[in-house]
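This is final-v3.txt. It holds compact mmCIF, C-alpha atoms.
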# COMPACT_ATOMS: atom_id res chain seq x y z
CA MET A 1 0.00 0.00 0.00
CA ILE A 2 1.45 3.30 -1.12
CA TRP A 3 -1.05 5.89 0.01
CA GLN A 4 0.09 8.58 -2.45
CA LEU A 5 -0.58 6.22 -5.35
CA ASP A 6 -3.93 5.17 -3.87
CA LEU A 7 -4.96 8.77 -3.35
CA SER A 8 -4.11 9.86 -6.89
CA VAL A 9 -5.83 6.82 -8.44
CA LEU A 10 -8.92 7.37 -6.28
CA THR A 11 -9.05 11.06 -7.25
CA LEU A 12 -8.85 10.11 -10.93
CA ILE A 13 -11.63 7.53 -10.40
CA VAL A 14 -13.94 10.17 -8.89
CA ILE A 15 -13.12 12.59 -11.72
CA CYS A 16 -13.83 9.88 -14.31
CA ALA A 17 -17.12 8.98 -12.61
CA PHE A 18 -18.30 12.60 -12.72
CA ALA A 19 -17.12 13.03 -16.30
CA THR A 20 -19.06 9.93 -17.37
CA ILE A 21 -22.27 11.46 -16.05
CA MET A 22 -21.62 15.00 -17.28
CA VAL A 23 -20.49 14.34 -20.85
CA LYS A 24 -23.23 14.84 -23.45
CA ASP A 25 -21.57 12.62 -26.08
CA LEU A 26 -22.37 9.01 -25.20
CA LEU A 27 -19.39 7.65 -27.14
CA SER A 28 -17.05 9.79 -25.02
CA ALA A 29 -18.92 8.68 -21.91
CA ALA A 30 -18.30 5.04 -22.87
CA ILE A 31 -14.58 5.70 -23.36
CA ILE A 32 -14.30 7.56 -20.05
CA PHE A 33 -16.13 4.70 -18.36
CA GLY A 34 -13.53 2.34 -19.82
CA ALA A 35 -10.81 4.51 -18.27
CA TYR A 36 -12.74 4.39 -14.98
CA SER A 37 -12.77 0.57 -15.10
CA PHE A 38 -9.09 0.49 -15.84
CA LEU A 39 -8.32 2.75 -12.88
CA MET A 40 -10.42 0.45 -10.67
CA CYS A 41 -8.31 -2.41 -12.00
CA LEU A 42 -5.15 -0.54 -10.96
CA LEU A 43 -6.59 0.09 -7.51
CA TRP A 44 -7.45 -3.57 -7.01
CA THR A 45 -4.01 -4.64 -8.15
CA GLU A 46 -2.58 -2.24 -5.60
CA MET A 47 -4.75 -3.79 -2.88
CA GLY A 48 -3.52 -7.26 -3.83
CA ALA A 49 -6.77 -8.54 -5.35
CA VAL A 50 -5.17 -9.58 -8.61
CA ASP A 51 -7.96 -11.93 -9.73
CA VAL A 52 -10.60 -9.22 -9.32
CA ALA A 53 -8.35 -6.77 -11.14
CA PHE A 54 -7.96 -9.21 -14.00
CA THR A 55 -11.73 -9.62 -14.26
CA GLU A 56 -12.23 -5.86 -14.16
CA ALA A 57 -9.64 -5.34 -16.90
CA SER A 58 -11.14 -7.94 -19.22
CA VAL A 59 -14.85 -7.41 -18.50
CA GLY A 60 -15.10 -3.79 -17.38
CA ALA A 61 -12.47 -2.06 -19.47
CA GLY A 62 -12.57 -4.46 -22.40
CA VAL A 63 -15.82 -6.10 -23.33
CA SER A 64 -18.37 -3.83 -21.69
CA THR A 65 -16.86 -0.77 -23.42
CA VAL A 66 -17.34 -2.54 -26.75
CA LEU A 67 -20.90 -3.45 -25.77
CA PHE A 68 -21.58 0.22 -24.94
CA PHE A 69 -20.18 1.17 -28.34
CA ALA A 70 -22.46 -1.33 -30.02
CA ALA A 71 -25.46 0.04 -28.15
CA VAL A 72 -24.54 3.64 -29.06
CA TYR A 73 -24.10 2.55 -32.69
CA GLN A 74 -27.65 1.24 -32.72
CA THR A 75 -29.29 4.13 -30.89
CA SER A 76 -28.22 7.75 -30.84
CA ARG A 77 -24.92 9.30 -30.01
CA MET A 78 -25.90 12.49 -28.25
CA VAL A 79 -27.88 12.91 -25.08
CA ARG A 80 -31.23 14.38 -26.03
CA PRO A 81 -31.68 17.86 -24.55
CA ARG A 82 -34.33 17.52 -21.88
CA ARG A 83 -36.58 20.03 -20.21
CA SER A 84 -34.84 21.00 -17.01
CA ALA A 85 -36.37 19.36 -13.98
CA ARG A 86 -38.38 21.31 -11.43
CA TRP A 87 -36.38 22.79 -8.58
CA LEU A 88 -38.42 20.75 -6.10
CA SER A 89 -37.48 17.40 -7.63
CA LYS A 90 -33.88 18.58 -7.91
CA ALA A 91 -33.85 19.49 -4.22
CA VAL A 92 -35.40 16.17 -3.22
CA GLY A 93 -32.83 14.28 -5.32
CA LEU A 94 -29.93 16.21 -3.85
CA THR A 95 -31.15 15.68 -0.29
CA ALA A 96 -31.63 11.96 -0.85
CA ALA A 97 -28.13 11.62 -2.34
CA LEU A 98 -26.54 13.61 0.48
CA LEU A 99 -28.39 11.65 3.18
CA THR A 100 -27.39 8.32 1.64
CA GLY A 101 -23.79 9.48 1.44
CA LEU A 102 -23.90 10.59 5.07
CA VAL A 103 -25.32 7.25 6.22
CA LEU A 104 -22.65 5.39 4.22
CA ILE A 105 -19.87 7.49 5.75
CA ILE A 106 -21.23 6.91 9.26
CA ALA A 107 -21.58 3.19 8.60
CA GLU A 108 -18.04 3.08 7.28
CA ASN A 109 -16.78 3.86 10.80
CA ASP A 110 -17.89 0.43 11.95
CA PHE A 111 -15.70 -1.37 9.45
CA PRO A 112 -12.40 -2.80 10.63
CA ASP A 113 -9.29 -1.14 9.24
CA PHE A 114 -7.85 -2.34 5.98
CA ALA A 115 -5.68 -5.43 6.51
CA ASN A 116 -6.65 -5.60 10.19
CA SER A 117 -5.71 -9.14 11.17
CA PHE A 118 -8.04 -9.11 14.21
CA SER A 119 -11.23 -8.31 12.34
CA PRO A 120 -13.88 -11.06 12.48
CA ALA A 121 -13.51 -11.83 8.78
CA SER A 122 -9.84 -12.65 9.08
CA LEU A 123 -10.12 -14.55 12.38
CA HIS A 124 -12.29 -17.54 11.49
CA LEU A 125 -12.66 -18.50 7.84
CA SER A 126 -9.73 -16.87 6.05
CA PRO A 127 -6.96 -18.55 8.08
CA TYR A 128 -8.44 -21.93 7.21
CA TYR A 129 -8.37 -21.15 3.49
CA ILE A 130 -4.89 -19.68 3.68
CA THR A 131 -3.35 -22.55 5.61
CA GLN A 132 -5.30 -25.56 4.35
CA THR A 133 -5.94 -24.91 0.65
CA LEU A 134 -2.70 -26.39 -0.63
CA HIS A 135 -3.08 -29.37 1.67
CA ASP A 136 -6.75 -29.92 0.76
CA THR A 137 -6.76 -29.34 -2.97
CA ASN A 138 -3.19 -29.02 -4.21
CA VAL A 139 -4.08 -25.66 -5.80
CA PRO A 140 -1.70 -22.78 -5.00
CA ASN A 141 -4.10 -20.01 -6.06
CA ILE A 142 -6.42 -19.67 -3.08
CA VAL A 143 -8.93 -17.51 -4.97
CA THR A 144 -9.48 -20.22 -7.56
CA SER A 145 -9.96 -22.94 -4.99
CA VAL A 146 -12.38 -20.82 -2.93
CA LEU A 147 -14.39 -19.88 -6.01
CA ALA A 148 -14.44 -23.25 -7.68
CA ASP A 149 -14.34 -25.70 -4.80
CA TYR A 150 -15.20 -24.39 -1.34
CA ARG A 151 -17.91 -22.13 -2.73
CA GLY A 152 -18.53 -23.92 -6.02
CA PHE A 153 -22.28 -23.66 -5.58
CA ASP A 154 -22.09 -19.83 -5.75
CA THR A 155 -19.99 -19.91 -8.87
CA MET A 156 -22.35 -22.34 -10.57
CA PHE A 157 -25.20 -19.90 -10.16
CA GLU A 158 -22.99 -17.00 -11.27
CA THR A 159 -22.47 -18.91 -14.51
CA ALA A 160 -26.20 -19.48 -14.68
CA VAL A 161 -26.75 -15.73 -14.20
CA ILE A 162 -24.49 -14.96 -17.16
CA PHE A 163 -26.33 -17.56 -19.22
CA THR A 164 -29.66 -16.00 -18.23
CA ALA A 165 -28.36 -12.57 -19.21
CA GLY A 166 -27.51 -13.91 -22.66
CA LEU A 167 -30.99 -15.43 -22.94
CA ALA A 168 -32.59 -12.16 -21.85
CA VAL A 169 -30.69 -10.18 -24.49
CA ILE A 170 -31.83 -12.67 -27.13
CA ALA A 171 -35.42 -12.56 -25.86
CA ILE A 172 -35.54 -8.76 -25.96
CA LEU A 173 -33.57 -7.95 -29.09
CA ARG A 174 -33.70 -10.89 -31.46
CA ARG A 175 -36.14 -10.41 -34.32
CA MET A 176 -36.89 -13.61 -36.17
CA LYS A 177 -39.80 -12.50 -38.31
CA LYS A 178 -39.36 -10.14 -41.21
CA ALA A 179 -42.39 -8.09 -40.14
CA ASP A 180 -40.80 -7.26 -36.78
CA GLN A 181 -37.75 -5.70 -38.35
CA VAL A 182 -37.90 -1.94 -38.16
CA GLU A 183 -35.70 0.00 -40.54
CA LEU A 184 -33.63 2.63 -38.80
CA PRO A 185 -34.03 6.23 -39.90
CA GLU A 186 -31.44 7.40 -42.41
CA ARG A 187 -29.45 9.51 -39.95
CA PHE A 188 -28.58 6.47 -37.86
CA VAL A 189 -27.16 4.44 -40.73
CA ILE A 190 -23.39 4.72 -40.74
CA SER A 191 -21.57 4.22 -44.02
CA GLU A 192 -19.86 0.88 -44.40
CA GLY A 193 -16.50 2.28 -45.48
CA TYR A 194 -13.87 0.46 -47.46
CA PRO A 195 -12.03 -2.53 -46.00
CA ASP A 196 -8.95 -1.45 -44.12
CA THR A 197 -6.02 -3.71 -44.98
CA ILE A 198 -3.74 -2.75 -42.10
CA SER A 199 -6.14 -3.39 -39.24
CA ARG A 200 -7.33 -6.59 -40.93
CA PHE A 201 -3.79 -7.89 -41.27
CA VAL A 202 -2.85 -7.11 -37.67
CA ALA A 203 -6.09 -8.58 -36.35
CA ARG A 204 -5.41 -11.74 -38.32
CA GLN A 205 -1.94 -12.00 -36.82
CA VAL A 206 -2.98 -11.19 -33.26
CA VAL A 207 -6.19 -13.18 -32.84
CA PRO A 208 -4.54 -16.64 -32.62
CA PHE A 209 -2.21 -15.38 -29.90
CA ILE A 210 -5.09 -13.81 -28.00
CA GLN A 211 -6.95 -17.11 -28.08
CA LEU A 212 -3.85 -19.00 -27.03
CA PHE A 213 -3.42 -16.60 -24.13
CA ALA A 214 -7.07 -17.09 -23.18
CA LEU A 215 -6.58 -20.86 -23.07
CA TYR A 216 -3.48 -20.31 -20.93
CA VAL A 217 -5.50 -18.16 -18.55
CA VAL A 218 -8.13 -20.88 -18.23
CA ALA A 219 -5.69 -23.72 -17.79
CA HIS A 220 -3.25 -21.84 -15.57
CA GLY A 221 -5.93 -20.40 -13.28
CA HIS A 222 -4.86 -22.82 -10.58
CA HIS A 223 -1.38 -21.37 -10.30
CA SER A 224 -1.74 -17.73 -11.34
CA PRO A 225 -4.49 -15.11 -11.47
CA GLY A 226 -7.14 -16.03 -13.96
CA GLY A 227 -9.65 -18.74 -14.54
CA GLY A 228 -12.79 -19.54 -16.42
CA PHE A 229 -14.46 -16.13 -16.38
CA GLN A 230 -11.44 -14.14 -17.52
CA GLY A 231 -10.36 -16.69 -20.10
CA GLY A 232 -13.87 -16.95 -21.51
CA VAL A 233 -14.20 -13.19 -21.80
CA ILE A 234 -10.85 -12.95 -23.59
CA LEU A 235 -11.90 -15.73 -25.98
CA GLY A 236 -15.15 -13.88 -26.70
CA ALA A 237 -13.24 -10.60 -27.14
CA SER A 238 -11.02 -12.19 -29.79
CA PHE A 239 -14.12 -13.00 -31.82
CA ILE A 240 -15.44 -9.47 -31.30
CA LEU A 241 -12.10 -8.15 -32.58
CA LEU A 242 -12.57 -10.28 -35.70
CA ALA A 243 -16.10 -8.94 -36.12
CA ILE A 244 -14.94 -5.33 -35.82
CA SER A 245 -11.85 -5.49 -37.99
CA TYR A 246 -13.26 -7.84 -40.62
CA ASP A 247 -16.91 -8.32 -41.10
CA PHE A 248 -19.90 -9.30 -39.09
CA LYS A 249 -20.44 -12.27 -41.41
CA ILE A 250 -17.09 -13.90 -40.68
CA VAL A 251 -17.88 -14.36 -37.01
CA LEU A 252 -21.36 -15.57 -37.92
CA GLY A 253 -19.66 -18.15 -40.14
CA ILE A 254 -17.60 -19.49 -37.23
CA MET A 255 -19.99 -18.98 -34.33
CA ASN A 256 -23.53 -18.74 -35.59
CA GLU A 257 -26.53 -18.25 -33.39
CA LYS A 258 -27.28 -21.91 -32.88
CA MET A 259 -23.66 -22.62 -32.00
CA ASN A 260 -23.60 -19.82 -29.43
CA ILE A 261 -26.69 -21.00 -27.60
CA LEU A 262 -25.53 -24.60 -27.80
CA LEU A 263 -22.09 -23.74 -26.37
CA GLY A 264 -23.67 -21.65 -23.62
CA ASN A 265 -25.81 -24.61 -22.68
CA ILE A 266 -22.89 -27.02 -22.84
CA GLY A 267 -20.80 -24.82 -20.55
CA VAL A 268 -23.42 -24.63 -17.82
CA LEU A 269 -24.23 -28.30 -18.29
CA LEU A 270 -20.56 -29.23 -17.91
CA TYR A 271 -20.46 -27.42 -14.59
CA ALA A 272 -23.67 -28.91 -13.27
CA GLY A 273 -22.81 -32.29 -14.80
CA ILE A 274 -19.59 -32.55 -12.84
CA GLY A 275 -21.60 -31.73 -9.73
CA PHE A 276 -24.11 -34.47 -10.53
CA LEU A 277 -21.30 -36.90 -11.32
CA CYS A 278 -20.03 -36.37 -7.78
CA LEU A 279 -23.56 -36.97 -6.52
CA LEU A 280 -23.77 -40.22 -8.51
CA LEU A 281 -20.44 -41.38 -7.14
CA GLY A 282 -21.79 -41.06 -3.64
CA ALA A 283 -20.43 -37.72 -2.45
CA ASN A 284 -22.05 -34.32 -1.98
CA PHE A 285 -22.95 -32.12 -4.93
CA LEU A 286 -19.71 -30.61 -6.35
CA ASP A 287 -17.52 -32.56 -3.91
CA TYR A 288 -14.77 -33.34 -6.39
CA SER A 289 -12.73 -35.63 -4.18
CA MET A 290 -14.97 -38.55 -5.16
CA LEU A 291 -13.96 -38.04 -8.81
CA SER A 292 -10.79 -40.00 -8.08
CA LYS A 293 -12.89 -43.12 -8.67
CA VAL A 294 -13.39 -42.28 -12.35
CA LEU A 295 -10.23 -40.30 -13.12
CA PRO A 296 -7.24 -42.61 -13.62
CA ALA A 297 -4.19 -42.25 -11.42
CA THR A 298 -5.44 -39.51 -9.11
CA ASP A 299 -5.82 -39.48 -5.39
CA LYS A 300 -8.57 -37.51 -3.64
CA ILE A 301 -6.54 -34.30 -3.48
CA MET A 302 -5.56 -34.21 -7.13
CA ALA A 303 -9.16 -35.10 -8.05
CA ARG A 304 -10.31 -31.84 -6.47
CA SER A 305 -7.77 -29.96 -8.58
CA HIS A 306 -8.92 -31.72 -11.75
CA GLY A 307 -12.57 -31.15 -10.89
CA MET A 308 -11.87 -27.43 -10.58
CA LEU A 309 -10.21 -27.46 -14.00
CA GLY A 310 -13.28 -29.17 -15.43
CA ILE A 311 -15.70 -26.58 -14.14
CA GLU A 312 -13.38 -23.73 -15.17
CA ILE A 313 -13.51 -25.05 -18.72
CA GLY A 314 -17.29 -25.16 -18.50
CA VAL A 315 -17.42 -21.57 -17.24
CA ALA A 316 -15.05 -20.46 -20.02
CA ILE A 317 -17.15 -22.06 -22.76
CA ALA A 318 -20.39 -20.57 -21.41
CA VAL A 319 -18.96 -17.08 -20.91
CA MET A 320 -17.34 -17.02 -24.36
CA ALA A 321 -20.55 -18.04 -26.13
CA ILE A 322 -22.70 -15.60 -24.17
CA VAL A 323 -20.33 -12.66 -24.71
CA ILE A 324 -20.31 -13.28 -28.46
CA SER A 325 -24.07 -13.76 -28.51
CA ILE A 326 -24.75 -10.52 -26.60
CA TYR A 327 -22.40 -8.57 -28.88
CA LEU A 328 -23.93 -9.94 -32.08
CA ASN A 329 -27.45 -9.21 -30.88
CA ILE A 330 -26.75 -5.66 -29.74
CA VAL A 331 -24.66 -4.59 -32.70
CA SER A 332 -27.06 -5.89 -35.34
CA ASN A 333 -30.15 -4.82 -33.40
CA GLY A 334 -31.25 -8.44 -33.27
CA LYS A 335 -31.33 -8.86 -37.04
CA TYR A 336 -28.02 -10.66 -37.58
CA ASP A 337 -27.61 -8.99 -40.96
CA LYS A 338 -24.86 -6.42 -40.53
CA GLY A 339 -23.01 -4.68 -37.77
CA LEU A 340 -19.87 -2.77 -36.93
CA MET B 1 22.70 -2.46 -14.52
CA THR B 2 20.71 -0.18 -12.24
CA ILE B 3 22.09 2.88 -14.05
CA VAL B 4 20.97 1.52 -17.42
CA VAL B 5 17.51 0.86 -15.98
CA ILE B 6 17.27 4.38 -14.55
CA VAL B 7 18.43 5.98 -17.80
CA LEU B 8 15.94 3.98 -19.87
CA ILE B 9 13.03 4.76 -17.56
CA LEU B 10 13.93 8.45 -17.59
CA ALA B 11 14.05 8.38 -21.39
CA GLY B 12 10.63 6.72 -21.39
CA LEU B 13 9.28 9.41 -19.09
CA VAL B 14 10.67 12.15 -21.35
CA PHE B 15 8.95 10.60 -24.35
CA PHE B 16 5.70 10.20 -22.42
CA PHE B 17 5.90 13.88 -21.49
CA ALA B 18 6.52 14.82 -25.13
CA THR B 19 3.52 12.68 -26.15
CA THR B 20 1.26 14.41 -23.67
CA VAL B 21 2.43 17.86 -24.69
CA GLY B 22 1.94 16.95 -28.34
CA LEU B 23 -1.52 15.57 -27.65
CA LEU B 24 -2.52 18.81 -25.97
CA ARG B 25 -0.71 21.35 -28.11
CA PHE B 26 -0.84 20.15 -31.71
CA PRO B 27 -3.34 22.01 -33.91
CA ASP B 28 -5.55 19.29 -35.38
CA PHE B 29 -6.76 15.70 -35.09
CA TYR B 30 -4.17 14.11 -37.38
CA SER B 31 -1.07 15.64 -35.84
CA ARG B 32 -2.37 14.88 -32.36
CA MET B 33 -2.87 11.23 -33.25
CA HIS B 34 0.60 11.28 -34.80
CA ALA B 35 2.08 12.36 -31.48
CA ALA B 36 0.00 9.85 -29.52
CA GLY B 37 0.77 6.90 -31.77
CA LYS B 38 4.50 7.43 -32.12
CA GLY B 39 5.32 8.65 -28.64
CA ASP B 40 3.15 6.18 -26.79
CA THR B 41 4.58 3.15 -28.56
CA LEU B 42 8.21 4.12 -28.10
CA SER B 43 7.86 5.26 -24.50
CA SER B 44 5.93 2.12 -23.53
CA LEU B 45 8.77 0.01 -24.85
CA LEU B 46 11.32 2.24 -23.12
CA MET B 47 9.47 1.62 -19.85
CA LEU B 48 9.00 -2.14 -20.37
CA LEU B 49 12.59 -2.90 -21.39
CA PRO B 50 14.14 -1.69 -18.11
CA LEU B 51 11.44 -3.55 -16.16
CA ALA B 52 12.53 -6.73 -17.93
CA LEU B 53 16.19 -5.87 -17.30
CA TYR B 54 15.57 -5.09 -13.65
CA ASN B 55 14.46 -8.69 -13.08
CA PHE B 56 17.95 -9.91 -13.83
CA HIS B 57 19.55 -8.94 -10.56
CA GLU B 58 19.75 -12.69 -10.18
CA ILE B 59 19.71 -14.91 -13.25
CA ASN B 60 17.52 -17.97 -12.97
CA MET B 61 14.64 -19.60 -14.82
CA ALA B 62 11.81 -17.75 -13.05
CA ASN B 63 13.32 -14.32 -13.68
CA LEU B 64 13.90 -15.26 -17.30
CA LEU B 65 10.25 -16.21 -17.70
CA VAL B 66 9.04 -12.97 -16.12
CA ALA B 67 11.32 -10.95 -18.39
CA LEU B 68 10.08 -12.90 -21.40
CA LYS B 69 6.46 -12.15 -20.48
CA ILE B 70 7.20 -8.44 -20.10
CA LEU B 71 8.89 -8.45 -23.51
CA LEU B 72 5.84 -10.21 -24.98
CA ILE B 73 3.69 -7.33 -23.69
CA GLY B 74 6.12 -5.03 -25.51
CA VAL B 75 5.70 -6.99 -28.76
CA PHE B 76 1.93 -6.82 -28.40
CA ILE B 77 2.04 -3.06 -27.81
CA PHE B 78 4.26 -2.66 -30.85
CA MET B 79 1.65 -4.39 -32.97
CA ALA B 80 -1.54 -3.07 -31.38
CA SER B 81 -0.76 0.57 -30.64
CA PRO B 82 0.20 1.74 -34.17
CA THR B 83 -2.72 -0.24 -35.61
CA ALA B 84 -5.16 1.37 -33.21
CA THR B 85 -3.77 4.81 -34.10
CA HIS B 86 -4.08 3.98 -37.77
CA ALA B 87 -7.68 2.80 -37.33
CA ILE B 88 -8.66 5.98 -35.48
CA ILE B 89 -7.02 8.20 -38.11
CA ASP B 90 -8.67 6.16 -40.85
CA ALA B 91 -12.07 6.62 -39.21
CA GLY B 92 -11.39 10.36 -38.90
CA TYR B 93 -10.44 10.57 -42.58
CA GLU B 94 -13.61 8.76 -43.59
CA ALA B 95 -15.67 11.06 -41.41
CA GLY B 96 -14.22 13.91 -43.45
CA ILE B 97 -12.07 15.78 -40.95
CA LYS B 98 -10.03 18.41 -42.80
CA PRO B 99 -6.31 18.42 -42.05
CA TRP B 100 -4.87 21.62 -40.64
CA THR B 101 -2.90 23.82 -43.01
CA LYS B 102 -1.20 27.17 -42.65
CA LYS B 103 -3.96 29.49 -43.71
CA PRO B 104 -3.25 31.62 -46.76
CA GLU B 105 -3.12 35.37 -46.22
CA GLU B 106 -6.39 36.25 -47.95
CA GLU B 107 -8.52 33.89 -45.84
CA SER B 108 -7.27 34.99 -42.47
Conversion result in structure tokens:
Amino acid sequence: MIWQLDLSVLTLIVICAFATIMVKDLLSAAIIFGAYSFLMCLLWTEMGAVDVAFTEASVGAGVSTVLFFAAVYQTSRMVRPRRSARWLSKAVGLTAALLTGLVLIIAENDFPDFANSFSPASLHLSPYYITQTLHDTNVPNIVTSVLADYRGFDTMFETAVIFTAGLAVIAILRRMKKADQVELPERFVISEGYPDTISRFVARQVVPFIQLFALYVVAHGHHSPGGGFQGGVILGASFILLAISYDFKIVLGIMNEKMNILLGNIGVLLYAGIGFLCLLLGANFLDYSMLSKVLPATDKIMARSHGMLGIEIGVAIAVMAIVISIYLNIVSNGKYDKGL
Amino acid sequence: MTIVVIVLILAGLVFFFATTVGLLRFPDFYSRMHAAGKGDTLSSLLMLLPLALYNFHEINMANLLVALKILLIGVFIFMASPTATHAIIDAGYEAGIKPWTKKPEEES
């Protein structure tokens, strides 16, 4: 902890947050919000939460900025000038915000200090994880083992939440019938432009390495920061890069709609299936140690490690498919005909 | 070794400063992106190279791997940063932004 660094990063975060609200151009707001996410990532790295920082960098600064861009591309770029609100509603809003802030600041006094080793949270559960993880599961990265093993039930439903989000986007945006398809007014249609050789070439060179790195993140999540969520998002982002630099159609050729939904299903099913396999083998749901009966040449400890790898792969597949599916739906306004 | 690291980092900082000044002071979109693209790429590499070097206070396999990863980030920046600059300038050109010229006497 270097407090000067923390203070400057926090100041920049507050400035970015205000700028995001104030700016009238939504495209600029999306970019500033990306910068905000990246500063949050720096702050978390500084606090030692490297896994969270990694997620924030890939999801917050990376993919969600692109999703904002896609949404702006399909709607309008400028904030519509609105009749100014009544002074009464303004005053009520300001009072509510100030009161909430005051309550939060008062409540903050009850928190233990940062890195206080005598706070309740670090007296009971955390020491067990810190001392016993390597012995229990043979996984050096405690975050991965807590997420995927000790609290695997939580993570399963987090994956289900992402899957549901993908389904919701499809349910709202996707237009199957020709009659439902509304043509956008002329001012929203952006010219296609000519194909740009340089960005195409570089994207073609870089995408395989990005995907390789994503696989490394998934597979190496046991030993270093990373895991299924981050790897899956990076995999999805590589396809989005292809869609932006090349053509919408190319990604549709590799990962069409059916494939995306199928892969999303398979990912969640892989997770839940490993849980049920444990149940069938006579252990609790998601208790991987019983997998040593089916996996060759593993004892109970290594089986937990392998079980975690299995569910990480499931999470990665589901997240990748859902990220691509959400992007394709938003950018083509649910028509799957053309996009950025 | 430490002196080389310090000199390289200082050079990187100087180039970052020049980039920022160029980004703020240049007259139009194209020259600003020129400053951002060139300066950012070079200064990032000038910052990453000493970080990789600094790992070698003790030569072993782990340090070598860390240095290799840092250099890989450098390679990625060398590919991605100029391409991103190019793509932005290309988009600006297609949107019809006029480049800045010294205005002739009669117009001013």
Q: Kindly give the distance, in Å, that separates CA of Phe201 in chain A and CA of Gly39 in chain B, rounded to a single decimal.
A: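 CA of Phe201 in chain A sits 22.7 Å away from CA of Gly39 in chain B.
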Q: Grab the CA of Gly34 in chain A to CA of Met22 in chain A distance for me, in Å with one decimal place.
A: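 Going from CA of Gly34 in chain A over to CA of Met22 in chain A, I get 15.2 Å.
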Q: Find the residues of chain B in contact range of chain A, meaning any atom within 12 Å when counting all atoms listed in the file, and list them as a PyMOL selection string.
A: chain B and resi 69+72-73+75-95
(Q) Quick check, in Å to one decimal: how far apart do CA of Gly152 in chain A and CA of Tyr271 in chain A lie? (A)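 Atom-to-atom, CA of Gly152 in chain A and CA of Tyr271 in chain A are spaced 9.5 Å apart.
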**Q.** Near-Met1 in chain A list (12 Å; all atoms listed in the file; drop same-chain fewer than 6 positions) as a list in words
**A.**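 Counting only the stated atoms, we get Leu7, Leu43, Trp44, Thr45, Glu46, Met47, Gly48, Phe114 and Ala115 of chain A.
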Using C-alpha atoms, can you export the residues from the last selection as an mmCIF file, in the frame of the given file?
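Done, and the output landed in result.cif:
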data_model
loop_
_atom_site.group_PDB
_atom_site.id
_atom_site.type_symbol
_atom_site.label_atom_id
_atom_site.label_comp_id
_atom_site.auth_asym_id
_atom_site.auth_seq_id
_atom_site.Cartn_x
_atom_site.Cartn_y
_atom_site.Cartn_z
ATOM 1 C CA LEU A 7 -4.960 8.770 -3.350
ATOM 2 C CA LEU A 43 -6.590 0.090 -7.510
ATOM 3 C CA TRP A 44 -7.450 -3.570 -7.010
ATOM 4 C CA THR A 45 -4.010 -4.640 -8.150
ATOM 5 C CA GLU A 46 -2.580 -2.240 -5.600
ATOM 6 C CA MET A 47 -4.750 -3.790 -2.880
ATOM 7 C CA GLY A 48 -3.520 -7.260 -3.830
ATOM 8 C CA PHE A 114 -7.850 -2.340 5.980
ATOM 9 C CA ALA A 115 -5.680 -5.430 6.510
#
Q) Between B:Thr2, B:Thr20, B:Asn55, B:Asn60, which is the closest to His34 in chain B once you count only C-alpha atoms? A) B:Thr20
Q) Got a sec: who's within 10 Å of Gly22 in chain B, counting all atoms listed in the file, leaving out chain neighbours fewer than 5 positions off, as a ChimeraX atom specification? A) /B:16-17,27,31-36,39
Q: Pick out the closest residue to Lys102 in chain B from this set: B:Ala62, B:Asp28, B:Leu51, B:Ile3. Count all atoms listed in the file.
A: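 With all atoms listed in the file as the atom set, the closest residue is B:Asp28.
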Listed atoms of range 312-319 of chain A boxed along x, y and z, 4 Å each side, centre and edge lengths in Å, one decimal, as AutoDock Vina command-line options:
--center_x -16.9 --center_y -21.1 --center_z -19.0 --size_x 15.0 --size_y 16.1 --size_z 15.6
Q) Of the residues B:Gly96, B:Met61, B:Met47, B:Ala18, which is the one nearest to Gly74 in chain B, using only C-alpha atoms? A)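 Going through B:Gly96, B:Met61, B:Met47, B:Ala18 one by one, the smallest distance to Gly74 in chain B is for B:Met47.
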